[in-house]
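Quick look at target30.cif (mmCIF, N, CA and C atoms):
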```cif
data_entry
#
loop_
_atom_site.label_atom_id
_atom_site.label_comp_id
_atom_site.auth_asym_id
_atom_site.auth_seq_id
_atom_site.Cartn_x
_atom_site.Cartn_y
_atom_site.Cartn_z
N MET G 1 -23.71 98.43 8.63
CA MET G 1 -22.75 97.92 7.70
C MET G 1 -21.77 96.97 8.40
N GLU G 2 -21.26 97.37 9.60
CA GLU G 2 -20.35 96.51 10.34
C GLU G 2 -21.03 95.20 10.73
N ASN G 3 -22.30 95.30 11.10
CA ASN G 3 -23.04 94.10 11.49
C ASN G 3 -23.15 93.13 10.32
N ALA G 4 -23.39 93.64 9.13
CA ALA G 4 -23.50 92.78 7.94
C ALA G 4 -22.15 92.11 7.66
N ALA G 5 -21.05 92.84 7.81
CA ALA G 5 -19.72 92.27 7.58
C ALA G 5 -19.43 91.18 8.60
N ALA G 6 -19.80 91.41 9.86
CA ALA G 6 -19.59 90.41 10.91
C ALA G 6 -20.40 89.16 10.63
N GLU G 7 -21.64 89.34 10.18
CA GLU G 7 -22.48 88.18 9.86
C GLU G 7 -21.91 87.40 8.68
N ALA G 8 -21.37 88.11 7.68
CA ALA G 8 -20.75 87.44 6.53
C ALA G 8 -19.52 86.66 6.96
N ASN G 9 -18.71 87.25 7.85
CA ASN G 9 -17.53 86.55 8.36
C ASN G 9 -17.93 85.30 9.14
N ASP G 10 -18.96 85.42 9.98
CA ASP G 10 -19.44 84.27 10.74
C ASP G 10 -19.93 83.17 9.82
N ALA G 11 -20.62 83.55 8.76
CA ALA G 11 -21.13 82.56 7.81
C ALA G 11 -19.97 81.87 7.08
N GLU G 12 -18.97 82.64 6.69
CA GLU G 12 -17.80 82.06 6.01
C GLU G 12 -17.08 81.07 6.93
N LEU G 13 -16.93 81.42 8.20
CA LEU G 13 -16.30 80.51 9.16
C LEU G 13 -17.12 79.24 9.33
N ALA G 14 -18.43 79.37 9.42
CA ALA G 14 -19.30 78.21 9.61
C ALA G 14 -19.19 77.25 8.43
N VAL G 15 -19.18 77.78 7.21
CA VAL G 15 -19.06 76.94 6.02
C VAL G 15 -17.72 76.22 6.01
N ALA G 16 -16.65 76.96 6.29
CA ALA G 16 -15.32 76.37 6.28
C ALA G 16 -15.18 75.29 7.35
N ARG G 17 -15.73 75.53 8.52
CA ARG G 17 -15.66 74.52 9.59
C ARG G 17 -16.46 73.28 9.21
N ALA G 18 -17.62 73.48 8.59
CA ALA G 18 -18.44 72.36 8.16
C ALA G 18 -17.71 71.53 7.11
N ASP G 19 -16.80 72.16 6.38
CA ASP G 19 -16.05 71.47 5.34
C ASP G 19 -14.76 70.86 5.90
N GLY G 20 -14.58 70.89 7.23
CA GLY G 20 -13.43 70.25 7.85
C GLY G 20 -12.28 71.17 8.21
N GLY G 21 -12.45 72.47 8.01
CA GLY G 21 -11.37 73.42 8.32
C GLY G 21 -11.30 73.77 9.79
N ARG G 22 -10.11 74.19 10.20
CA ARG G 22 -9.90 74.67 11.57
C ARG G 22 -9.36 76.08 11.48
N PHE G 23 -10.02 77.03 12.17
CA PHE G 23 -9.62 78.43 12.14
C PHE G 23 -8.49 78.68 13.12
N LEU G 24 -7.43 79.37 12.64
CA LEU G 24 -6.34 79.81 13.50
C LEU G 24 -6.27 81.34 13.38
N PRO G 25 -6.37 82.06 14.51
CA PRO G 25 -6.36 83.52 14.45
C PRO G 25 -4.96 84.07 14.24
N ASP G 26 -4.89 85.22 13.58
CA ASP G 26 -3.62 85.93 13.40
C ASP G 26 -3.18 86.56 14.71
N PRO G 27 -1.88 86.81 14.89
CA PRO G 27 -0.82 86.42 13.97
C PRO G 27 -0.40 84.98 14.18
N VAL G 28 -0.34 84.22 13.10
CA VAL G 28 0.06 82.82 13.16
C VAL G 28 0.97 82.52 11.98
N LEU G 29 1.93 81.64 12.20
CA LEU G 29 2.82 81.17 11.15
C LEU G 29 2.59 79.67 11.02
N CYS G 30 2.17 79.23 9.84
CA CYS G 30 1.93 77.81 9.59
C CYS G 30 3.06 77.29 8.72
N ILE G 31 3.76 76.26 9.22
CA ILE G 31 4.89 75.70 8.49
C ILE G 31 4.78 74.18 8.44
N THR G 32 5.46 73.59 7.46
CA THR G 32 5.65 72.15 7.47
C THR G 32 7.04 71.89 8.02
N GLY G 33 7.28 70.70 8.49
CA GLY G 33 8.60 70.37 9.01
C GLY G 33 8.77 70.81 10.45
N THR G 34 9.98 71.26 10.79
CA THR G 34 10.31 71.65 12.16
C THR G 34 10.90 73.04 12.15
N MET G 35 11.14 73.60 13.32
CA MET G 35 11.76 74.93 13.39
C MET G 35 13.17 74.89 12.81
N GLU G 36 13.90 73.79 13.02
CA GLU G 36 15.25 73.67 12.50
C GLU G 36 15.25 73.48 10.98
N ASP G 37 14.26 72.76 10.47
CA ASP G 37 14.12 72.52 9.04
C ASP G 37 12.66 72.77 8.68
N PRO G 38 12.27 74.06 8.55
CA PRO G 38 10.85 74.39 8.45
C PRO G 38 10.14 73.92 7.19
N GLY G 39 10.87 73.52 6.17
CA GLY G 39 10.18 73.09 4.96
C GLY G 39 9.54 74.27 4.27
N THR G 40 8.23 74.32 4.26
CA THR G 40 7.49 75.34 3.53
C THR G 40 6.68 76.21 4.50
N ILE G 41 6.66 77.51 4.24
CA ILE G 41 5.77 78.39 4.98
C ILE G 41 4.44 78.38 4.24
N LEU G 42 3.43 77.87 4.88
CA LEU G 42 2.11 77.77 4.26
C LEU G 42 1.31 79.06 4.42
N TYR G 43 1.56 79.76 5.52
CA TYR G 43 0.82 80.98 5.80
C TYR G 43 1.59 81.78 6.84
N GLY G 44 1.57 83.10 6.74
CA GLY G 44 2.16 83.96 7.75
C GLY G 44 3.46 84.62 7.35
N ARG G 45 3.84 84.49 6.09
CA ARG G 45 5.09 85.11 5.63
C ARG G 45 5.07 86.63 5.88
N ASP G 46 3.91 87.26 5.72
CA ASP G 46 3.80 88.70 5.96
C ASP G 46 4.08 89.05 7.41
N HIS G 47 3.69 88.18 8.35
CA HIS G 47 3.99 88.42 9.76
C HIS G 47 5.50 88.39 9.99
N LEU G 48 6.19 87.44 9.37
CA LEU G 48 7.64 87.36 9.51
C LEU G 48 8.32 88.60 8.93
N GLN G 49 7.82 89.09 7.80
CA GLN G 49 8.40 90.29 7.19
C GLN G 49 8.22 91.51 8.10
N ARG G 50 7.06 91.64 8.75
CA ARG G 50 6.84 92.75 9.68
C ARG G 50 7.78 92.67 10.87
N ILE G 51 7.96 91.46 11.41
CA ILE G 51 8.87 91.27 12.53
C ILE G 51 10.29 91.65 12.12
N SER G 52 10.70 91.21 10.95
CA SER G 52 12.05 91.50 10.45
C SER G 52 12.25 93.00 10.25
N ALA G 53 11.26 93.67 9.68
CA ALA G 53 11.37 95.10 9.40
C ALA G 53 11.34 95.93 10.68
N ALA G 54 10.53 95.51 11.65
CA ALA G 54 10.38 96.28 12.89
C ALA G 54 11.50 95.97 13.89
N GLY G 55 12.16 94.83 13.71
CA GLY G 55 13.22 94.45 14.63
C GLY G 55 12.72 93.99 15.98
N GLN G 56 11.43 93.68 16.07
CA GLN G 56 10.89 93.17 17.33
C GLN G 56 9.82 92.13 17.03
N ALA G 57 9.67 91.20 17.94
CA ALA G 57 8.71 90.11 17.76
C ALA G 57 7.32 90.55 18.20
N GLU G 58 6.34 90.00 17.54
CA GLU G 58 4.95 90.18 17.97
C GLU G 58 4.51 88.85 18.58
N ASP G 59 3.31 88.78 19.09
CA ASP G 59 2.81 87.54 19.69
C ASP G 59 2.42 86.57 18.60
N LEU G 60 3.43 86.02 17.94
CA LEU G 60 3.23 85.14 16.79
C LEU G 60 3.15 83.69 17.26
N SER G 61 2.07 83.00 16.90
CA SER G 61 1.94 81.58 17.17
C SER G 61 2.55 80.82 16.00
N ILE G 62 3.25 79.74 16.30
CA ILE G 62 3.85 78.92 15.25
C ILE G 62 3.19 77.55 15.31
N VAL G 63 2.67 77.10 14.16
CA VAL G 63 1.98 75.83 14.07
C VAL G 63 2.69 74.96 13.04
N GLN G 64 3.14 73.79 13.46
CA GLN G 64 3.79 72.85 12.55
C GLN G 64 2.72 71.90 12.01
N LEU G 65 2.68 71.78 10.69
CA LEU G 65 1.63 71.01 10.03
C LEU G 65 2.22 69.97 9.09
N PRO G 66 1.46 68.91 8.79
CA PRO G 66 1.96 67.90 7.87
C PRO G 66 2.06 68.45 6.44
N VAL G 67 2.93 67.83 5.66
CA VAL G 67 3.04 68.17 4.24
C VAL G 67 1.67 67.92 3.61
N GLU G 68 1.33 68.69 2.59
CA GLU G 68 0.05 68.63 1.87
C GLU G 68 -1.11 69.23 2.65
N THR G 69 -0.81 69.94 3.75
CA THR G 69 -1.85 70.70 4.45
C THR G 69 -2.19 71.91 3.58
N ARG G 70 -3.44 72.29 3.54
CA ARG G 70 -3.86 73.47 2.79
C ARG G 70 -4.25 74.56 3.78
N CYS G 71 -3.80 75.78 3.51
CA CYS G 71 -4.14 76.94 4.34
C CYS G 71 -4.82 77.97 3.46
N VAL G 72 -5.98 78.43 3.89
CA VAL G 72 -6.76 79.39 3.13
C VAL G 72 -6.94 80.64 3.99
N PRO G 73 -6.39 81.79 3.55
CA PRO G 73 -6.57 83.03 4.32
C PRO G 73 -8.05 83.37 4.45
N ILE G 74 -8.40 83.87 5.63
CA ILE G 74 -9.78 84.27 5.92
C ILE G 74 -9.67 85.49 6.84
N VAL G 75 -10.71 86.27 6.94
CA VAL G 75 -10.67 87.46 7.77
C VAL G 75 -10.21 87.10 9.19
N GLY G 76 -9.13 87.71 9.63
CA GLY G 76 -8.64 87.51 10.99
C GLY G 76 -7.72 86.34 11.20
N GLY G 77 -7.41 85.58 10.13
CA GLY G 77 -6.53 84.44 10.31
C GLY G 77 -6.50 83.54 9.09
N VAL G 78 -6.52 82.24 9.35
CA VAL G 78 -6.39 81.25 8.29
C VAL G 78 -7.22 80.03 8.64
N MET G 79 -7.80 79.39 7.62
CA MET G 79 -8.46 78.10 7.79
C MET G 79 -7.46 77.04 7.37
N VAL G 80 -7.27 76.03 8.21
CA VAL G 80 -6.32 74.96 7.97
C VAL G 80 -7.10 73.69 7.65
N TYR G 81 -6.72 73.06 6.53
CA TYR G 81 -7.32 71.80 6.13
C TYR G 81 -6.21 70.76 6.08
N LEU G 82 -6.25 69.81 6.98
CA LEU G 82 -5.24 68.76 7.02
C LEU G 82 -5.38 67.84 5.81
N PRO G 83 -4.30 67.12 5.46
CA PRO G 83 -4.38 66.22 4.29
C PRO G 83 -5.59 65.31 4.37
N GLY G 84 -6.26 65.17 3.25
CA GLY G 84 -7.45 64.32 3.19
C GLY G 84 -8.75 65.07 3.44
N GLN G 85 -8.68 66.33 3.89
CA GLN G 85 -9.89 67.11 4.11
C GLN G 85 -10.19 67.95 2.88
N ARG G 86 -11.44 68.14 2.62
CA ARG G 86 -11.86 68.94 1.46
C ARG G 86 -11.66 70.42 1.74
N VAL G 87 -11.56 71.19 0.67
CA VAL G 87 -11.56 72.65 0.78
C VAL G 87 -12.78 73.14 0.04
N ALA G 88 -13.55 74.01 0.67
CA ALA G 88 -14.75 74.55 0.05
C ALA G 88 -14.39 75.25 -1.24
N PRO G 89 -15.19 75.09 -2.30
CA PRO G 89 -14.90 75.76 -3.58
C PRO G 89 -15.05 77.24 -3.49
#
```
Can you dump the structure from the file as structure tokens?
Amino acid sequence: MENAAAEANDAELAVARADGGRFLPDPVLCITGTMEDPGTILYGRDHLQRISAAGQAEDLSIVQLPVETRCVPIVGGVMVYLPGQRVAP
């Protein structure tokens, strides 16, 4: 059963990458703008809530992305599609 799930995850990643996506592993925070003026949180709000509730930081990566970037949650992280790239249906 675990092997089938791993194969399904690998297939999902392959399709998303073929469609122009870039996989970022969790924990990651994807934002537009800058740290001083972050704009919009595209992905990772749940990681911030856990850090806030626990009172301690985890190994959170922060990625600044252009406006109109699309982020699609996927097992273990997020697929990032920069403006102009397609998103798989």
Original post:
Of the candidates G:Asp26, G:Arg50, G:Ala57, G:Leu65, which shows the shortest atom-to-atom distance to Pro38 (chain G), using only C-alpha atoms?
Top reply: G:Leu65
Original post:
Between G:His47, G:Pro27, G:Asp37, G:Pro83, which one has atoms that come closest to Pro66 (chain G), using all atoms listed in the file?
Top reply: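 Once distances to Pro66 (chain G) are computed over all atoms listed in the file, the minimum belongs to G:Pro83.
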Subject >> Separation of CA of Met79 (chain G) from atom C of Phe23 (chain G) in Å >> reply: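 One can read the atom C of Phe23 (chain G) to CA of Met79 (chain G) distance as 5.4 Å.
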Original post:
Using only N, CA and C atoms, what residues lie at most 5 Å away from (-1.1, 78.7, 5.6) (file coordinates), given as a PyMOL selection string?
Top reply: chain G and resi 42-43+71
Original post:
Could you state the separation of CA of Gln49 (chain G) and CA of Leu82 (chain G) in Å, given to one decimal place?
Top reply: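 Interatomic distance, CA of Gln49 (chain G) to CA of Leu82 (chain G): 25.5 Å.
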Subject >> Separation of atom C of Gly33 (chain G) from atom N of Gln64 (chain G), in Å and rounded to one decimal >> reply: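 Atom C of Gly33 (chain G) sits 7.0 Å away from atom N of Gln64 (chain G).
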**OP:** Find the residues around Pro25 (chain G) up to 8 Å (all atoms listed in the file counted), leave out those fewer than 5 positions away in its own chain, and share them as a list in words.
**Re:**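 Surrounding residues, per the criterion: Ser61, Val75, Gly76, Gly77, Val78 and Met79 of chain G.
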File dump, residues just selected, N, CA and C atoms, as a PDB file, in the frame of the given file:
```pdb
ATOM      1  N   SER G  61       2.070  83.000  16.900  1.00  0.00           N
ATOM      2  CA  SER G  61       1.940  81.580  17.170  1.00  0.00           C
ATOM      3  C   SER G  61       2.550  80.820  16.000  1.00  0.00           C
ATOM      4  N   VAL G  75     -10.710  86.270   6.940  1.00  0.00           N
ATOM      5  CA  VAL G  75     -10.670  87.460   7.770  1.00  0.00           C
ATOM      6  C   VAL G  75     -10.210  87.100   9.190  1.00  0.00           C
ATOM      7  N   GLY G  76      -9.130  87.710   9.630  1.00  0.00           N
ATOM      8  CA  GLY G  76      -8.640  87.510  10.990  1.00  0.00           C
ATOM      9  C   GLY G  76      -7.720  86.340  11.200  1.00  0.00           C
ATOM     10  N   GLY G  77      -7.410  85.580  10.130  1.00  0.00           N
ATOM     11  CA  GLY G  77      -6.530  84.440  10.310  1.00  0.00           C
ATOM     12  C   GLY G  77      -6.500  83.540   9.090  1.00  0.00           C
ATOM     13  N   VAL G  78      -6.520  82.240   9.350  1.00  0.00           N
ATOM     14  CA  VAL G  78      -6.390  81.250   8.290  1.00  0.00           C
ATOM     15  C   VAL G  78      -7.220  80.030   8.640  1.00  0.00           C
ATOM     16  N   MET G  79      -7.800  79.390   7.620  1.00  0.00           N
ATOM     17  CA  MET G  79      -8.460  78.100   7.790  1.00  0.00           C
ATOM     18  C   MET G  79      -7.460  77.040   7.370  1.00  0.00           C
TER      19      MET G  79
END
```
